[in-house]
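In what follows, a structure is listed as structure tokens, so that the remarks can point back to it.
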Amino acid sequence: MDIFLKKKMESVNQKKIENARILIANTSMDTDKIKIYGAQIRVKTISRLAEIEVAEQKKIFDKCKKIISHKINVFINRQLIYNRHERFFMEHGILTIEQADFEGVERLALATGAEIVSTFDIPSKIKLGKCKIVEEILVGEEPMTRFSGCSNGDMCTIILRGANFQILDEAERSLHDALCVLGQVIRDPRLVWGGGNIEAHIARELENFSKKIPGKTALAIESFSKSIQGIPRIVSKNAGLDSIDLINKIKNAQEEGQEKACLDLNKGDIGKADELGLIESSKLKAQLVISAAEAAEMIIRIDHQFSEKTPEN
């Protein structure tokens, strides 16, 4: 599993590091200055001003030496790193990445096992990240940094590419929906057979149940049974197949004991859900039925519809 960071490496010569020891920080690496509005420093001579600048540079270089003392070869900072300090790190064989986005740094820290730090005084309290390879690659025309062989192999980065932003937005929404379904399956691992199998089961059981109920309630149950069959009916119609014939075939097959009968759109006939690998989340399927029933109930409760009169009326 690889993790990508949407930043390029600052090193010109070295674009790949093996057995990386990574320090992730969110600290100021520019020259420390007095950052209080209205504060001023007055000096009498230029030599005194030079002494102040030397002291500022010494302070930031002391911080760089503390970073180097952790024996790292990759330094990633959330904030800016000045060119002079980048060269200092390069001279000590450390690859630097500056102004990394906060979300990317958070994910990278989880993947590599590192912790984001802001001070470097106590090395024992700093946790470094590790991965096998850190390298810069091109994705399309955009340079990115890839981290391969991270210590937490359960994480990865998914890169979406498309012709325009609309396609990318739609792909991102579809991917988000799929990940949400996977999350629900992890929380509730119960599964049901797909391909219209569970809908046919529910419809058949509702039909049998409606025969035991007297009065108008039986008609409502029977209508609900027919509406449940709408999902496999629409799926088969979209595939250009005879929906009525296929649904009746599934019903007959299930009554004959073929409990895994489902739609096989590739062959235009029915098949077995286990052989086709068609499974769905039980919780998701139950929520679909509940949401549809609630929507239908809301529509039934509408007493009257008001429409705006046109000038002609």
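Residues are referred to by chain and number: the chain letter is A, B, ... according to the order shown in the structure tokens, the number counts from 1 in that chain, and ligands are numbered separately from 1 in the order shown.
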
Requested in this report: Once DSSP has gone over the backbone, tell me which residues of range 146-278 of chain A are in strand (DSSP E or B), as number ranges by chain.
Outcome: A: 146-150, 191-193, 261-264, 269-272

Gln79 in chain A surroundings by only C-alpha atoms, 10 Å radius, close-in-sequence under 2 positions cut, as a PDB file with C-alpha atoms, in the first residue's frame:
ATOM      1  CA  ALA A  25       6.815  18.575  12.207  1.00  0.00           C
ATOM      2  CA  ASN A  26       4.664  21.659  12.374  1.00  0.00           C
ATOM      3  CA  THR A  27       7.216  24.267  13.358  1.00  0.00           C
ATOM      4  CA  SER A  28       8.516  27.608  12.158  1.00  0.00           C
ATOM      5  CA  MET A  29      11.729  27.204  10.153  1.00  0.00           C
ATOM      6  CA  ASP A  30      12.132  30.806   9.074  1.00  0.00           C
ATOM      7  CA  ILE A  76       8.510  16.982   6.437  1.00  0.00           C
ATOM      8  CA  ASN A  77       7.314  20.323   7.739  1.00  0.00           C
ATOM      9  CA  ILE A  81      11.603  26.054   5.112  1.00  0.00           C
ATOM     10  CA  TYR A  82      13.991  28.731   3.851  1.00  0.00           C
ATOM     11  CA  ILE A  97       9.387  18.605   2.072  1.00  0.00           C
ATOM     12  CA  GLU A  98       7.886  21.958   3.051  1.00  0.00           C
ATOM     13  CA  GLN A  99       4.353  23.382   3.334  1.00  0.00           C
ATOM     14  CA  ALA A 100       2.708  19.965   3.276  1.00  0.00           C
ATOM     15  CA  ASP A 101      -1.085  20.132   3.558  1.00  0.00           C
ATOM     16  CA  PHE A 102      -2.417  19.421   7.039  1.00  0.00           C
TER      17      PHE A 102
END

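Between Ala111 in chain A and the candidates A:Ile167, A:Ile3, A:Ala218, A:Ile186, the tightest atom-to-atom separation, counting only C-alpha atoms, involves A:Ile3.
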
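For Ala109 in chain A, the residues within 9 Å (counting only C-alpha atoms, excluding itself and residues fewer than 4 positions away along the chain) are A:Ile24, A:Gly104, A:Val105, A:Gly113, A:Ala114, A:Glu115, A:Ile116, A:Leu128, A:Gly129.
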
Residues just named, written with N, CA and C atoms as a PDB file, in the first residue's frame:
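again32.pdb was written with the following content:
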ATOM      1  N   ILE A  24       8.128  14.249  11.132  1.00  0.00           N
ATOM      2  CA  ILE A  24       7.043  15.117  10.676  1.00  0.00           C
ATOM      3  C   ILE A  24       6.837  16.205  11.717  1.00  0.00           C
ATOM      4  N   GLY A 104      -2.973  15.808   4.590  1.00  0.00           N
ATOM      5  CA  GLY A 104      -2.003  14.836   4.085  1.00  0.00           C
ATOM      6  C   GLY A 104      -0.977  14.458   5.125  1.00  0.00           C
ATOM      7  N   VAL A 105      -0.541  15.426   5.926  1.00  0.00           N
ATOM      8  CA  VAL A 105       0.432  15.154   6.989  1.00  0.00           C
ATOM      9  C   VAL A 105      -0.186  14.264   8.062  1.00  0.00           C
ATOM     10  N   GLY A 113       3.497   5.701  11.271  1.00  0.00           N
ATOM     11  CA  GLY A 113       3.686   5.502  12.700  1.00  0.00           C
ATOM     12  C   GLY A 113       4.376   6.654  13.389  1.00  0.00           C
ATOM     13  N   ALA A 114       4.415   7.823  12.744  1.00  0.00           N
ATOM     14  CA  ALA A 114       5.081   8.982  13.339  1.00  0.00           C
ATOM     15  C   ALA A 114       4.086   9.825  14.123  1.00  0.00           C
ATOM     16  N   GLU A 115       4.624  10.794  14.852  1.00  0.00           N
ATOM     17  CA  GLU A 115       3.817  11.780  15.552  1.00  0.00           C
ATOM     18  C   GLU A 115       4.273  13.171  15.126  1.00  0.00           C
ATOM     19  N   ILE A 116       3.313  14.066  14.912  1.00  0.00           N
ATOM     20  CA  ILE A 116       3.637  15.430  14.503  1.00  0.00           C
ATOM     21  C   ILE A 116       4.140  16.207  15.718  1.00  0.00           C
ATOM     22  N   LEU A 128       9.465   8.732  15.445  1.00  0.00           N
ATOM     23  CA  LEU A 128       9.745   8.844  14.017  1.00  0.00           C
ATOM     24  C   LEU A 128       8.906   7.867  13.215  1.00  0.00           C
ATOM     25  N   GLY A 129       8.636   8.228  11.964  1.00  0.00           N
ATOM     26  CA  GLY A 129       7.942   7.335  11.047  1.00  0.00           C
ATOM     27  C   GLY A 129       8.926   6.555  10.203  1.00  0.00           C
TER      28      GLY A 129
END

Query raised in the report: In terms of the shortest atom-to-atom distance over only C-alpha atoms, which of A:Ile198, A:Val181, A:Ile270, A:Ile234 is closest to Lys283 in chain A?
Result: A:Val181

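Take the candidates A:Lys6, A:Ile72, A:Lys132, A:Leu263 and check each one against Leu23 in chain A using only C-alpha atoms; the shortest distance goes to A:Ile72.
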
Requested in this report: Would you please work out which residue, of A:Glu136, A:Glu294, A:Glu51, A:Asp121, is nearest to Lys15 in chain A when using only C-alpha atoms?
Outcome: A:Glu136

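Counting only C-alpha atoms, the residue from A:Lys216, A:Val192, A:Gly140, A:Asn197 that sits nearest to Gly162 in chain A is A:Gly140.
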
Requested in this report: For range 67-69 of chain A, work out the shell of residues within 8 Å, counting only C-alpha atoms and skipping chain neighbours fewer than 3 positions away, then give it as number ranges by chain.
Outcome: A: 63-64, 72, 89, 92, 120

Mind writing the picked residues with all heavy atoms as an mmCIF file, in the first residue's frame?
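Saved result, part-v1.cif, follows:
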data_model
loop_
_atom_site.group_PDB
_atom_site.id
_atom_site.type_symbol
_atom_site.label_atom_id
_atom_site.label_comp_id
_atom_site.auth_asym_id
_atom_site.auth_seq_id
_atom_site.Cartn_x
_atom_site.Cartn_y
_atom_site.Cartn_z
ATOM 1 N N LYS A 63 18.145 24.974 15.997
ATOM 2 C CA LYS A 63 16.976 24.119 15.815
ATOM 3 C C LYS A 63 17.224 23.073 14.735
ATOM 4 O O LYS A 63 16.863 21.901 14.880
ATOM 5 C CB LYS A 63 15.754 24.965 15.455
ATOM 6 C CG LYS A 63 14.474 24.154 15.298
ATOM 7 C CD LYS A 63 13.308 25.008 14.806
ATOM 8 C CE LYS A 63 12.779 25.878 15.921
ATOM 9 N NZ LYS A 63 11.521 26.580 15.497
ATOM 10 N N CYS A 64 17.900 23.474 13.641
ATOM 11 C CA CYS A 64 18.224 22.518 12.579
ATOM 12 C C CYS A 64 19.144 21.412 13.091
ATOM 13 O O CYS A 64 18.992 20.239 12.737
ATOM 14 C CB CYS A 64 18.876 23.239 11.400
ATOM 15 S SG CYS A 64 17.800 24.387 10.525
ATOM 16 N N ILE A 72 17.690 11.269 11.187
ATOM 17 C CA ILE A 72 16.641 11.066 10.191
ATOM 18 C C ILE A 72 17.226 11.282 8.806
ATOM 19 O O ILE A 72 18.337 11.826 8.646
ATOM 20 C CB ILE A 72 15.466 12.043 10.416
ATOM 21 C CG1 ILE A 72 15.966 13.498 10.295
ATOM 22 C CG2 ILE A 72 14.819 11.807 11.769
ATOM 23 C CD1 ILE A 72 14.866 14.522 10.307
ATOM 24 N N PHE A 89 20.225 21.076 5.459
ATOM 25 C CA PHE A 89 19.732 19.698 5.590
ATOM 26 C C PHE A 89 20.286 18.804 4.483
ATOM 27 O O PHE A 89 20.645 17.644 4.724
ATOM 28 C CB PHE A 89 18.208 19.678 5.557
ATOM 29 C CG PHE A 89 17.555 20.160 6.833
ATOM 30 C CD1 PHE A 89 16.622 21.185 6.820
ATOM 31 C CD2 PHE A 89 17.865 19.573 8.051
ATOM 32 C CE1 PHE A 89 16.022 21.629 7.985
ATOM 33 C CE2 PHE A 89 17.264 19.997 9.225
ATOM 34 C CZ PHE A 89 16.341 21.038 9.190
ATOM 35 N N HIS A 92 23.643 17.421 5.016
ATOM 36 C CA HIS A 92 23.666 16.319 5.989
ATOM 37 C C HIS A 92 22.842 15.114 5.517
ATOM 38 O O HIS A 92 22.508 14.235 6.312
ATOM 39 C CB HIS A 92 23.144 16.802 7.343
ATOM 40 C CG HIS A 92 24.063 17.771 8.023
ATOM 41 N ND1 HIS A 92 24.120 19.109 7.700
ATOM 42 C CD2 HIS A 92 24.995 17.582 9.029
ATOM 43 C CE1 HIS A 92 25.010 19.713 8.466
ATOM 44 N NE2 HIS A 92 25.561 18.817 9.278
ATOM 45 N N PHE A 120 11.958 19.981 19.603
ATOM 46 C CA PHE A 120 12.903 18.888 19.366
ATOM 47 C C PHE A 120 13.918 18.756 20.501
ATOM 48 O O PHE A 120 15.001 18.195 20.317
ATOM 49 C CB PHE A 120 13.644 19.133 18.044
ATOM 50 C CG PHE A 120 12.736 19.537 16.925
ATOM 51 C CD1 PHE A 120 12.557 20.876 16.615
ATOM 52 C CD2 PHE A 120 12.048 18.588 16.197
ATOM 53 C CE1 PHE A 120 11.710 21.256 15.590
ATOM 54 C CE2 PHE A 120 11.204 18.961 15.166
ATOM 55 C CZ PHE A 120 11.030 20.300 14.863
#

Report task. Find the residues around Ser243 in chain A up to 6 Å (only C-alpha atoms counted), leave out those fewer than 6 positions away in its own chain, and share them as a count of residues only. Result -> 3

**Report entry** Test item, helix (DSSP H, G or I) assignment across range 2-249 of chain A, answer as JSON, numbers by chain
**Finding:** {"A": [46, 47, 48, 49, 50, 51, 52, 53, 54, 55, 56, 57, 58, 59, 60, 61, 62, 63, 64, 65, 66, 67, 68, 83, 84, 85, 86, 87, 88, 89, 90, 91, 102, 103, 104, 105, 106, 107, 108, 109, 110, 111, 112, 123, 124, 125, 165, 166, 167, 168, 169, 170, 171, 172, 173, 174, 175, 176, 177, 178, 179, 180, 181, 182, 183, 184, 185, 186, 187, 197, 198, 199, 200, 201, 202, 203, 204, 205, 206, 207, 208, 209, 210, 217, 218, 219, 220, 221, 222, 223, 224, 225, 226, 227, 228, 230, 231, 232, 233, 234, 235, 236, 237, 238, 243, 244, 245, 246, 247, 248, 249]}

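Note that CA of Leu288 in chain A and CA of Ala203 in chain A are 14.7 Å apart.
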
Query raised in the report: With only C-alpha atoms as the basis for distance, which of A:Ile60, A:Leu284, A:Val117, A:Met144 is at the shortest distance from Arg187 in chain A?
Result: A:Leu284

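In this structure, CA of Phe4 in chain A sits 5.7 Å away from CA of Thr145 in chain A.
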
**Report entry** For CA of Val74 in chain A and CA of Leu108 in chain A, the interatomic separation in Å (one decimal)
**Finding:** 12.7 Å

Nearby residues (only C-alpha atoms) at most 12 Å from Leu175 in chain A, same-chain spacing under 6 positions excluded, as a PDB file with N, CA, C and O atoms, in the first residue's frame:
ATOM      1  N   ILE A 158      -5.893   6.838  -2.727  1.00  0.00           N
ATOM      2  CA  ILE A 158      -6.586   6.585  -3.992  1.00  0.00           C
ATOM      3  C   ILE A 158      -6.531   7.859  -4.823  1.00  0.00           C
ATOM      4  O   ILE A 158      -6.981   8.917  -4.376  1.00  0.00           O
ATOM      5  N   ILE A 159      -5.976   7.773  -6.020  1.00  0.00           N
ATOM      6  CA  ILE A 159      -5.854   8.929  -6.911  1.00  0.00           C
ATOM      7  C   ILE A 159      -6.923   8.828  -7.989  1.00  0.00           C
ATOM      8  O   ILE A 159      -7.004   7.828  -8.709  1.00  0.00           O
ATOM      9  N   LEU A 160      -7.738   9.856  -8.109  1.00  0.00           N
ATOM     10  CA  LEU A 160      -8.783   9.922  -9.125  1.00  0.00           C
ATOM     11  C   LEU A 160      -8.343  10.864 -10.231  1.00  0.00           C
ATOM     12  O   LEU A 160      -7.867  11.971  -9.963  1.00  0.00           O
ATOM     13  N   LEU A 168     -14.647  14.206 -12.063  1.00  0.00           N
ATOM     14  CA  LEU A 168     -13.919  13.932 -10.821  1.00  0.00           C
ATOM     15  C   LEU A 168     -14.840  14.021  -9.605  1.00  0.00           C
ATOM     16  O   LEU A 168     -14.753  13.197  -8.695  1.00  0.00           O
ATOM     17  N   ASP A 169     -15.725  15.024  -9.584  1.00  0.00           N
ATOM     18  CA  ASP A 169     -16.668  15.163  -8.468  1.00  0.00           C
ATOM     19  C   ASP A 169     -17.595  13.961  -8.388  1.00  0.00           C
ATOM     20  O   ASP A 169     -17.880  13.442  -7.302  1.00  0.00           O
ATOM     21  N   VAL A 181     -20.425   2.258   2.509  1.00  0.00           N
ATOM     22  CA  VAL A 181     -21.015   0.922   2.563  1.00  0.00           C
ATOM     23  C   VAL A 181     -20.051  -0.067   3.212  1.00  0.00           C
ATOM     24  O   VAL A 181     -20.452  -0.890   4.045  1.00  0.00           O
ATOM     25  N   LEU A 182     -18.758   0.037   2.848  1.00  0.00           N
ATOM     26  CA  LEU A 182     -17.772  -0.854   3.461  1.00  0.00           C
ATOM     27  C   LEU A 182     -17.678  -0.616   4.972  1.00  0.00           C
ATOM     28  O   LEU A 182     -17.534  -1.558   5.752  1.00  0.00           O
TER      29      LEU A 182
END
